[in-house]
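Report on one structure; see the data block that follows.
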Protein chains: 2
Amino acid sequence: MVLHKEEEVLTTYLKNKNLKLTNQRRVILKLFLNTEIHVTAEELYEKLKHTHPEIGIATVYRTLKLFCDAGLALEVQFGDGFTRYEHHYGHGHHDHLVCEKCGKYIEVIDERIEKLQQSLAEQNNFHILRHRMELYGLCKDCFCKK
Amino acid sequence: MVLHKEEEVLTTYLKNKNLKLTNQRRVILKLFLNTEIHVTAEELYEKLKHTHPEIGIATVYRTLKLFCDAGLALEVQFGDGFTRYEHHYGHGHHDHLVCEKCGKYIEVIDERIEKLQQSLAEQNNFHILRHRMELYGLCKDCFCKK
DNA sequence: AATGATTTTGATAACTAATATCAACTAATT
DNA sequence: AATTAGTTGATATTAGTTATCAAAATCATT
């Protein structure tokens, strides 16, 4: 529930770009930050419908892209056809464990793997700008339940 | 240009499933195997248009899915909105280096990383079924040119 | 080779996630 | 309060892919 910092980041970004802080942007930011970490635009829109039926879906899409530009969100794709957005401000790079049964996403980071990725790239004369690694399978709960 | 094995795999698969070996399937398989390893359905369709204008795009989509079921192809997605298909028969698991400038894909495999992924999953009580790792950046050529 | 049951095909409609359009509206500056 | 420039919501549009369905093709059987 710590909004202060993120709201400040957004405000600063908007000011620098001569953009405006609208009520929609405030509302969507609040909801985004209080929602599970990997949401789609549609999911956010569904949640908004109850409390803010006046906010259109186009605005949700637009605003999430804006958050990415402002460094508050990051686009991720897990191959199910949806673009998801995760919290980015104050979050370092990480990889994902994706449970294919319950849909849970665990964020992980392993420095040894990061180093090996770098050396693997060097062996191939490749200059890494970014990377993604997702391990798909079953979380403990789903694995035990069978 | 070694088609024999793959054609046999397809034939066997079709027979087991009581499906039929059509000329379209033969043509698309041949083209798929002689085409760069990560093609989209649209790309294959474009190439076919010249030599086989009678083959529809729906058939290309359908046939690529069929190849996946038969173990001849594998779906991959690099987040550009296209589903790509790579050769799968006789190809072991591998990861990708993706050049964001020229679009080249290099296939790589690093056993040390594979092992660490396994141990990372275990630390999190997670049971891996499959995974993907893509390193995005610039290949040597594109990096030197600018 | 003809038959017949079943699968496949191509044209096209439909679907879905996401983006573009645009007149009405709103925030922020003067 | 007026002005300017950005923003919004409804909706049309786009793009990749899948569904529909009558006509055509495959293949086992005769």
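Here's how to read the names in the structure tokens: chain A, B, ... by the order shown, residue numbers from 1 in each chain, ligand numbers from 1 in the order shown.
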For chain C, work out the contacting residues on chain B at 7 Å, counting only C-alpha atoms (C1' of nucleotides), and write them as a CSV table (one decimal) with N, CA, C and O atoms, in the first residue's frame.
```csv
chain,number,residue,atom,x,y,z
B,19,LEU,N,-5.2,-40.6,-40.3
B,19,LEU,CA,-5.3,-39.3,-41.0
B,19,LEU,C,-4.6,-39.6,-42.4
B,19,LEU,O,-4.1,-40.6,-42.7
B,20,LYS,N,-4.8,-38.6,-43.3
B,20,LYS,CA,-4.4,-38.8,-44.7
B,20,LYS,C,-3.2,-38.0,-45.1
B,20,LYS,O,-3.0,-36.9,-44.7
B,56,GLY,N,-4.2,-22.9,-49.7
B,56,GLY,CA,-4.7,-21.8,-48.9
B,56,GLY,C,-3.9,-21.6,-47.6
B,56,GLY,O,-3.3,-22.5,-47.1
```
What are the nearest atom pairs, with distances in Å to one decimal, for all residues of range 28-63 of chain B that come at most 10 Å from range 7-27 of chain D, using only C-alpha atoms (C1' of nucleotides), set out by chain and rising residue number as JSON lines?
```
{"residue": "B:Ala41", "atom": "CA", "partner": "D:DG16", "partner_atom": "C1'", "distance": 9.8}
{"residue": "B:Glu42", "atom": "CA", "partner": "D:DG16", "partner_atom": "C1'", "distance": 9.3}
{"residue": "B:Ala58", "atom": "CA", "partner": "D:DT18", "partner_atom": "C1'", "distance": 8.7}
{"residue": "B:Tyr61", "atom": "CA", "partner": "D:DT17", "partner_atom": "C1'", "distance": 8.2}
{"residue": "B:Arg62", "atom": "CA", "partner": "D:DT18", "partner_atom": "C1'", "distance": 9.3}
```
If we count only C-alpha atoms (C1' of nucleotides), which residues of chain A reach to within 12 Å of chain D? Please list them as a short mmCIF file (atom, residue, chain, number, x, y, z; two decimals) with C-alpha atoms, in the first residue's frame.
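Dumped to selection33.cif:
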```cif
data_model
loop_
_atom_site.label_atom_id
_atom_site.label_comp_id
_atom_site.auth_asym_id
_atom_site.auth_seq_id
_atom_site.Cartn_x
_atom_site.Cartn_y
_atom_site.Cartn_z
CA LEU A 14 4.32 13.53 -16.60
CA LYS A 17 6.97 15.27 -20.72
CA ASN A 18 4.34 17.99 -20.44
CA LEU A 19 1.65 15.42 -19.88
CA LYS A 20 -1.26 15.64 -17.49
CA LEU A 21 -2.14 13.88 -14.29
CA THR A 22 -5.73 12.84 -14.78
CA ASN A 23 -7.99 11.14 -12.31
CA GLN A 24 -8.07 8.04 -14.51
CA ARG A 25 -4.31 7.74 -14.30
CA PRO A 53 -17.60 2.28 -14.83
CA GLU A 54 -16.81 5.51 -16.61
CA ILE A 55 -13.24 4.46 -17.40
CA GLY A 56 -12.93 2.91 -20.87
CA ILE A 57 -10.78 -0.02 -21.80
CA ALA A 58 -8.76 2.02 -24.27
CA THR A 59 -7.61 4.18 -21.40
CA VAL A 60 -6.49 1.14 -19.45
CA ARG A 62 -2.96 3.42 -22.91
CA THR A 63 -2.22 3.98 -19.26
CA GLY A 81 -1.59 -14.48 -26.10
#
```
Please report as a short mmCIF file (atom, residue, chain, number, x, y, z; two decimals) with N, CA and C atoms, in the first residue's frame which residues of chain A come no farther than 12 Å from chain B, using only C-alpha atoms.
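Output saved as part_17.cif:
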```
data_model
loop_
_atom_site.label_atom_id
_atom_site.label_comp_id
_atom_site.auth_asym_id
_atom_site.auth_seq_id
_atom_site.Cartn_x
_atom_site.Cartn_y
_atom_site.Cartn_z
N GLU A 75 6.32 -4.82 -19.37
CA GLU A 75 5.55 -5.79 -20.15
C GLU A 75 6.20 -7.16 -20.05
N VAL A 76 5.40 -8.18 -19.82
CA VAL A 76 5.91 -9.54 -19.89
C VAL A 76 4.91 -10.39 -20.66
N GLN A 77 5.42 -11.39 -21.33
CA GLN A 77 4.57 -12.28 -22.10
C GLN A 77 4.93 -13.72 -21.81
N PHE A 78 3.91 -14.51 -21.47
CA PHE A 78 4.17 -15.90 -21.16
C PHE A 78 3.63 -16.83 -22.23
N GLY A 79 3.34 -16.27 -23.39
CA GLY A 79 2.96 -17.12 -24.51
C GLY A 79 1.52 -17.57 -24.52
N ASP A 80 0.66 -16.95 -23.72
CA ASP A 80 -0.75 -17.32 -23.74
C ASP A 80 -1.58 -16.31 -24.53
N GLY A 81 -0.89 -15.44 -25.25
CA GLY A 81 -1.59 -14.48 -26.10
C GLY A 81 -1.93 -13.17 -25.42
N PHE A 82 -1.62 -13.05 -24.14
CA PHE A 82 -1.91 -11.82 -23.43
C PHE A 82 -0.62 -11.09 -23.08
N THR A 83 -0.67 -9.79 -23.14
CA THR A 83 0.43 -9.00 -22.63
C THR A 83 0.15 -8.70 -21.17
N ARG A 84 1.06 -9.04 -20.31
CA ARG A 84 0.88 -8.78 -18.89
C ARG A 84 1.82 -7.67 -18.43
N ASP A 95 13.71 -13.53 -13.09
CA ASP A 95 13.12 -14.51 -14.00
C ASP A 95 11.86 -15.07 -13.34
N HIS A 96 11.20 -15.97 -14.04
CA HIS A 96 9.92 -16.46 -13.54
C HIS A 96 9.83 -17.98 -13.50
N LEU A 97 9.19 -18.47 -12.47
CA LEU A 97 8.71 -19.85 -12.43
C LEU A 97 7.20 -19.74 -12.65
N VAL A 98 6.71 -20.36 -13.68
CA VAL A 98 5.29 -20.25 -14.00
C VAL A 98 4.61 -21.59 -13.80
N CYS A 99 3.64 -21.65 -12.88
CA CYS A 99 2.90 -22.89 -12.67
C CYS A 99 1.82 -23.00 -13.73
N GLU A 100 1.87 -24.10 -14.48
CA GLU A 100 0.94 -24.25 -15.61
C GLU A 100 -0.43 -24.72 -15.16
N LYS A 101 -0.55 -25.07 -13.87
CA LYS A 101 -1.85 -25.54 -13.41
C LYS A 101 -2.63 -24.40 -12.76
N LYS A 104 0.17 -19.52 -11.02
CA LYS A 104 0.98 -18.70 -10.12
C LYS A 104 2.34 -18.38 -10.75
N TYR A 105 2.84 -17.18 -10.49
CA TYR A 105 4.16 -16.77 -10.99
C TYR A 105 5.06 -16.50 -9.81
N ILE A 106 6.19 -17.18 -9.76
CA ILE A 106 7.17 -16.92 -8.72
C ILE A 106 8.34 -16.18 -9.36
N GLU A 107 8.77 -15.11 -8.72
CA GLU A 107 9.91 -14.37 -9.27
C GLU A 107 11.18 -14.90 -8.64
N VAL A 108 12.17 -15.15 -9.47
CA VAL A 108 13.43 -15.67 -8.96
C VAL A 108 14.60 -14.96 -9.64
N ILE A 109 15.74 -15.11 -8.99
CA ILE A 109 16.97 -14.56 -9.59
C ILE A 109 18.12 -15.44 -9.11
N ASP A 110 19.01 -15.76 -10.02
CA ASP A 110 20.17 -16.58 -9.67
C ASP A 110 21.38 -15.97 -10.35
N GLU A 111 22.24 -15.40 -9.55
CA GLU A 111 23.38 -14.67 -10.10
C GLU A 111 24.30 -15.58 -10.92
N ARG A 112 24.38 -16.84 -10.52
CA ARG A 112 25.25 -17.76 -11.27
C ARG A 112 24.73 -17.93 -12.70
N ILE A 113 23.42 -18.02 -12.81
CA ILE A 113 22.84 -18.16 -14.15
C ILE A 113 23.08 -16.88 -14.95
N GLU A 114 22.90 -15.74 -14.30
CA GLU A 114 23.10 -14.48 -15.01
C GLU A 114 24.52 -14.39 -15.57
N LYS A 115 25.49 -14.84 -14.76
CA LYS A 115 26.89 -14.81 -15.20
C LYS A 115 27.11 -15.74 -16.38
N LEU A 116 26.53 -16.93 -16.28
CA LEU A 116 26.72 -17.91 -17.35
C LEU A 116 26.05 -17.45 -18.65
N GLN A 117 24.95 -16.75 -18.53
CA GLN A 117 24.29 -16.22 -19.73
C GLN A 117 25.23 -15.25 -20.42
N GLN A 118 25.90 -14.45 -19.61
CA GLN A 118 26.84 -13.48 -20.17
C GLN A 118 27.97 -14.20 -20.89
N SER A 119 28.50 -15.22 -20.26
CA SER A 119 29.64 -15.90 -20.89
C SER A 119 29.20 -16.69 -22.12
N LEU A 120 27.98 -17.21 -22.07
CA LEU A 120 27.43 -17.92 -23.23
C LEU A 120 27.31 -16.96 -24.42
N ALA A 121 26.88 -15.75 -24.13
CA ALA A 121 26.76 -14.76 -25.19
C ALA A 121 28.13 -14.42 -25.75
N GLU A 122 29.10 -14.24 -24.86
CA GLU A 122 30.44 -13.89 -25.33
C GLU A 122 31.03 -14.98 -26.23
N GLN A 123 30.83 -16.22 -25.83
CA GLN A 123 31.31 -17.33 -26.67
C GLN A 123 30.77 -17.24 -28.08
N ASN A 124 29.58 -16.66 -28.22
CA ASN A 124 28.94 -16.58 -29.53
C ASN A 124 29.06 -15.18 -30.15
N ASN A 125 29.97 -14.38 -29.58
CA ASN A 125 30.18 -13.03 -30.08
C ASN A 125 28.88 -12.24 -30.11
N PHE A 126 28.13 -12.36 -29.05
CA PHE A 126 26.82 -11.74 -29.00
C PHE A 126 26.79 -10.74 -27.86
N HIS A 127 26.15 -9.61 -28.11
CA HIS A 127 26.08 -8.55 -27.11
C HIS A 127 24.67 -8.52 -26.52
N ILE A 128 24.51 -8.97 -25.28
CA ILE A 128 23.17 -9.05 -24.66
C ILE A 128 22.67 -7.67 -24.25
N LEU A 129 21.44 -7.37 -24.61
CA LEU A 129 20.81 -6.15 -24.13
C LEU A 129 19.81 -6.46 -23.01
N ARG A 130 19.13 -7.57 -23.16
CA ARG A 130 18.17 -8.00 -22.14
C ARG A 130 17.93 -9.48 -22.35
N HIS A 131 17.25 -10.10 -21.41
CA HIS A 131 16.95 -11.51 -21.62
C HIS A 131 15.70 -11.90 -20.86
N ARG A 132 15.23 -13.07 -21.16
CA ARG A 132 14.09 -13.60 -20.44
C ARG A 132 14.31 -15.08 -20.22
N MET A 133 13.89 -15.52 -19.06
CA MET A 133 14.00 -16.95 -18.76
C MET A 133 12.77 -17.32 -17.96
N GLU A 134 12.05 -18.29 -18.46
CA GLU A 134 10.88 -18.76 -17.74
C GLU A 134 10.94 -20.27 -17.62
N LEU A 135 10.72 -20.73 -16.41
CA LEU A 135 10.67 -22.18 -16.17
C LEU A 135 9.21 -22.53 -15.95
N TYR A 136 8.65 -23.33 -16.83
CA TYR A 136 7.25 -23.71 -16.74
C TYR A 136 7.12 -25.10 -16.11
N GLY A 137 6.13 -25.26 -15.25
CA GLY A 137 5.94 -26.57 -14.65
C GLY A 137 4.85 -26.52 -13.60
N LEU A 138 5.10 -27.19 -12.47
CA LEU A 138 4.10 -27.26 -11.41
C LEU A 138 4.70 -26.76 -10.11
N CYS A 139 3.96 -25.90 -9.41
CA CYS A 139 4.40 -25.47 -8.09
C CYS A 139 4.17 -26.63 -7.12
N LYS A 140 4.71 -26.48 -5.92
CA LYS A 140 4.65 -27.59 -4.97
C LYS A 140 3.20 -28.04 -4.73
N ASP A 141 2.34 -27.10 -4.49
CA ASP A 141 0.94 -27.43 -4.20
C ASP A 141 0.32 -28.26 -5.31
N CYS A 142 0.49 -27.76 -6.53
CA CYS A 142 -0.14 -28.45 -7.65
C CYS A 142 0.52 -29.79 -7.94
N PHE A 143 1.83 -29.88 -7.66
CA PHE A 143 2.55 -31.12 -7.92
C PHE A 143 2.08 -32.21 -6.94
N CYS A 144 1.88 -31.85 -5.68
CA CYS A 144 1.47 -32.82 -4.67
C CYS A 144 0.04 -33.28 -4.92
N LYS A 146 -1.26 -33.63 -7.50
CA LYS A 146 -1.08 -34.44 -8.71
C LYS A 146 -1.39 -33.70 -9.99
#
```
Taking 5 positions as the minimum chain separation for residues in the same chain, which residues sit within 9 Å of Val27 in chain A when counting only C-alpha atoms (C1' of nucleotides)? Answer as a PyMOL selection string. chain A and resi 22+32+48+52
As an exercise, work out the distance from CA of Glu86 in chain A to CA of Leu44 in chain A in Å and give it to one decimal place. 12.1 Å
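Interatomic distance, CA of Gly71 in chain B against CA of Glu46 in chain B: 24.0 Å.
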Between CA of Ala70 in chain B and CA of Tyr13 in chain B, what is the distance in Å, rounded to a tenth?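 That distance, rounded to one decimal, is 5.9 Å.
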Give me, as an mmCIF file with N, CA, C and O atoms, in the first residue's frame, the residues of range 4-142 of chain A that a backbone DSSP run labels strand (DSSP E).
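Wrote selection_18.cif, looks like this:
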```cif
data_model
loop_
_atom_site.group_PDB
_atom_site.id
_atom_site.type_symbol
_atom_site.label_atom_id
_atom_site.label_comp_id
_atom_site.auth_asym_id
_atom_site.auth_seq_id
_atom_site.Cartn_x
_atom_site.Cartn_y
_atom_site.Cartn_z
ATOM 1 N N VAL A 39 -0.703 -8.615 -14.277
ATOM 2 C CA VAL A 39 -2.079 -8.430 -14.751
ATOM 3 C C VAL A 39 -2.116 -8.095 -16.231
ATOM 4 O O VAL A 39 -1.182 -7.519 -16.776
ATOM 5 N N THR A 40 -3.247 -8.423 -16.836
ATOM 6 C CA THR A 40 -3.485 -7.989 -18.201
ATOM 7 C C THR A 40 -4.341 -6.731 -18.142
ATOM 8 O O THR A 40 -4.952 -6.429 -17.108
ATOM 9 N N ALA A 73 6.057 0.139 -14.772
ATOM 10 C CA ALA A 73 5.579 -1.195 -15.130
ATOM 11 C C ALA A 73 6.481 -1.791 -16.196
ATOM 12 O O ALA A 73 7.275 -1.080 -16.818
ATOM 13 N N LEU A 74 6.359 -3.093 -16.360
ATOM 14 C CA LEU A 74 7.148 -3.798 -17.367
ATOM 15 C C LEU A 74 6.245 -4.807 -18.058
ATOM 16 O O LEU A 74 5.487 -5.518 -17.415
ATOM 17 N N GLU A 75 6.319 -4.817 -19.374
ATOM 18 C CA GLU A 75 5.554 -5.788 -20.154
ATOM 19 C C GLU A 75 6.198 -7.163 -20.054
ATOM 20 O O GLU A 75 7.407 -7.292 -20.230
ATOM 21 N N VAL A 76 5.396 -8.178 -19.818
ATOM 22 C CA VAL A 76 5.909 -9.545 -19.887
ATOM 23 C C VAL A 76 4.906 -10.386 -20.663
ATOM 24 O O VAL A 76 3.715 -10.115 -20.675
ATOM 25 N N GLN A 77 5.421 -11.395 -21.331
ATOM 26 C CA GLN A 77 4.571 -12.285 -22.099
ATOM 27 C C GLN A 77 4.928 -13.721 -21.805
ATOM 28 O O GLN A 77 6.093 -14.090 -21.847
ATOM 29 N N THR A 83 -0.668 -9.785 -23.140
ATOM 30 C CA THR A 83 0.432 -8.997 -22.633
ATOM 31 C C THR A 83 0.147 -8.703 -21.170
ATOM 32 O O THR A 83 -0.935 -8.219 -20.836
ATOM 33 N N ARG A 84 1.060 -9.036 -20.312
ATOM 34 C CA ARG A 84 0.880 -8.778 -18.891
ATOM 35 C C ARG A 84 1.818 -7.675 -18.426
ATOM 36 O O ARG A 84 2.847 -7.436 -19.046
ATOM 37 N N TYR A 85 1.439 -7.035 -17.343
ATOM 38 C CA TYR A 85 2.251 -5.953 -16.804
ATOM 39 C C TYR A 85 2.608 -6.271 -15.369
ATOM 40 O O TYR A 85 1.749 -6.662 -14.579
ATOM 41 N N GLU A 86 3.878 -6.122 -15.056
ATOM 42 C CA GLU A 86 4.295 -6.357 -13.676
ATOM 43 C C GLU A 86 4.879 -5.081 -13.095
ATOM 44 O O GLU A 86 5.276 -4.174 -13.826
ATOM 45 N N HIS A 87 4.916 -5.015 -11.773
ATOM 46 C CA HIS A 87 5.474 -3.848 -11.092
ATOM 47 C C HIS A 87 6.955 -3.750 -11.436
ATOM 48 O O HIS A 87 7.653 -4.753 -11.423
ATOM 49 N N ASP A 95 13.714 -13.533 -13.090
ATOM 50 C CA ASP A 95 13.118 -14.510 -13.996
ATOM 51 C C ASP A 95 11.864 -15.071 -13.344
ATOM 52 O O ASP A 95 11.513 -14.668 -12.233
ATOM 53 N N HIS A 96 11.198 -15.970 -14.040
ATOM 54 C CA HIS A 96 9.918 -16.463 -13.535
ATOM 55 C C HIS A 96 9.830 -17.982 -13.502
ATOM 56 O O HIS A 96 10.298 -18.662 -14.409
ATOM 57 N N LEU A 97 9.188 -18.467 -12.467
ATOM 58 C CA LEU A 97 8.709 -19.846 -12.434
ATOM 59 C C LEU A 97 7.201 -19.740 -12.645
ATOM 60 O O LEU A 97 6.524 -19.065 -11.876
ATOM 61 N N VAL A 98 6.708 -20.364 -13.676
ATOM 62 C CA VAL A 98 5.288 -20.247 -14.001
ATOM 63 C C VAL A 98 4.606 -21.591 -13.798
ATOM 64 O O VAL A 98 4.954 -22.574 -14.467
ATOM 65 N N CYS A 99 3.642 -21.648 -12.882
ATOM 66 C CA CYS A 99 2.904 -22.891 -12.668
ATOM 67 C C CYS A 99 1.822 -23.001 -13.731
ATOM 68 O O CYS A 99 0.968 -22.129 -13.865
ATOM 69 N N TYR A 105 2.841 -17.177 -10.492
ATOM 70 C CA TYR A 105 4.155 -16.773 -10.989
ATOM 71 C C TYR A 105 5.064 -16.499 -9.812
ATOM 72 O O TYR A 105 4.743 -15.681 -8.964
ATOM 73 N N ILE A 106 6.186 -17.183 -9.764
ATOM 74 C CA ILE A 106 7.171 -16.915 -8.715
ATOM 75 C C ILE A 106 8.339 -16.183 -9.361
ATOM 76 O O ILE A 106 8.801 -16.574 -10.431
ATOM 77 N N GLU A 107 8.769 -15.109 -8.723
ATOM 78 C CA GLU A 107 9.907 -14.369 -9.268
ATOM 79 C C GLU A 107 11.180 -14.896 -8.642
ATOM 80 O O GLU A 107 11.249 -15.083 -7.438
ATOM 81 N N VAL A 108 12.171 -15.148 -9.471
ATOM 82 C CA VAL A 108 13.433 -15.670 -8.960
ATOM 83 C C VAL A 108 14.601 -14.963 -9.639
ATOM 84 O O VAL A 108 14.459 -14.352 -10.687
ATOM 85 N N HIS A 127 26.147 -9.612 -28.111
ATOM 86 C CA HIS A 127 26.077 -8.555 -27.109
ATOM 87 C C HIS A 127 24.668 -8.524 -26.519
ATOM 88 O O HIS A 127 23.721 -8.124 -27.188
ATOM 89 N N ILE A 128 24.511 -8.973 -25.278
ATOM 90 C CA ILE A 128 23.172 -9.045 -24.664
ATOM 91 C C ILE A 128 22.667 -7.672 -24.247
ATOM 92 O O ILE A 128 23.387 -6.909 -23.615
ATOM 93 N N LEU A 129 21.442 -7.370 -24.612
ATOM 94 C CA LEU A 129 20.808 -6.145 -24.127
ATOM 95 C C LEU A 129 19.809 -6.463 -23.012
ATOM 96 O O LEU A 129 19.648 -5.709 -22.067
ATOM 97 N N ARG A 130 19.130 -7.574 -23.159
ATOM 98 C CA ARG A 130 18.174 -7.997 -22.140
ATOM 99 C C ARG A 130 17.926 -9.485 -22.351
ATOM 100 O O ARG A 130 18.343 -10.043 -23.363
ATOM 101 N N HIS A 131 17.252 -10.095 -21.414
ATOM 102 C CA HIS A 131 16.949 -11.510 -21.619
ATOM 103 C C HIS A 131 15.701 -11.901 -20.859
ATOM 104 O O HIS A 131 15.195 -11.152 -20.030
ATOM 105 N N ARG A 132 15.228 -13.072 -21.162
ATOM 106 C CA ARG A 132 14.086 -13.599 -20.441
ATOM 107 C C ARG A 132 14.309 -15.081 -20.219
ATOM 108 O O ARG A 132 14.876 -15.781 -21.048
ATOM 109 N N MET A 133 13.890 -15.522 -19.059
ATOM 110 C CA MET A 133 13.996 -16.947 -18.762
ATOM 111 C C MET A 133 12.771 -17.323 -17.957
ATOM 112 O O MET A 133 12.463 -16.691 -16.954
ATOM 113 N N GLU A 134 12.049 -18.287 -18.462
ATOM 114 C CA GLU A 134 10.881 -18.765 -17.745
ATOM 115 C C GLU A 134 10.936 -20.268 -17.623
ATOM 116 O O GLU A 134 11.205 -20.965 -18.589
ATOM 117 N N LEU A 135 10.720 -20.735 -16.407
ATOM 118 C CA LEU A 135 10.666 -22.177 -16.172
ATOM 119 C C LEU A 135 9.206 -22.531 -15.951
ATOM 120 O O LEU A 135 8.575 -22.037 -15.015
ATOM 121 N N TYR A 136 8.654 -23.334 -16.827
ATOM 122 C CA TYR A 136 7.250 -23.712 -16.736
ATOM 123 C C TYR A 136 7.120 -25.096 -16.110
ATOM 124 O O TYR A 136 7.923 -25.987 -16.402
ATOM 125 N N GLY A 137 6.134 -25.261 -15.255
ATOM 126 C CA GLY A 137 5.942 -26.568 -14.648
ATOM 127 C C GLY A 137 4.848 -26.519 -13.603
ATOM 128 O O GLY A 137 3.817 -25.891 -13.807
ATOM 129 N N LEU A 138 5.103 -27.194 -12.467
ATOM 130 C CA LEU A 138 4.104 -27.255 -11.410
ATOM 131 C C LEU A 138 4.697 -26.757 -10.106
ATOM 132 O O LEU A 138 5.806 -27.153 -9.729
#
```
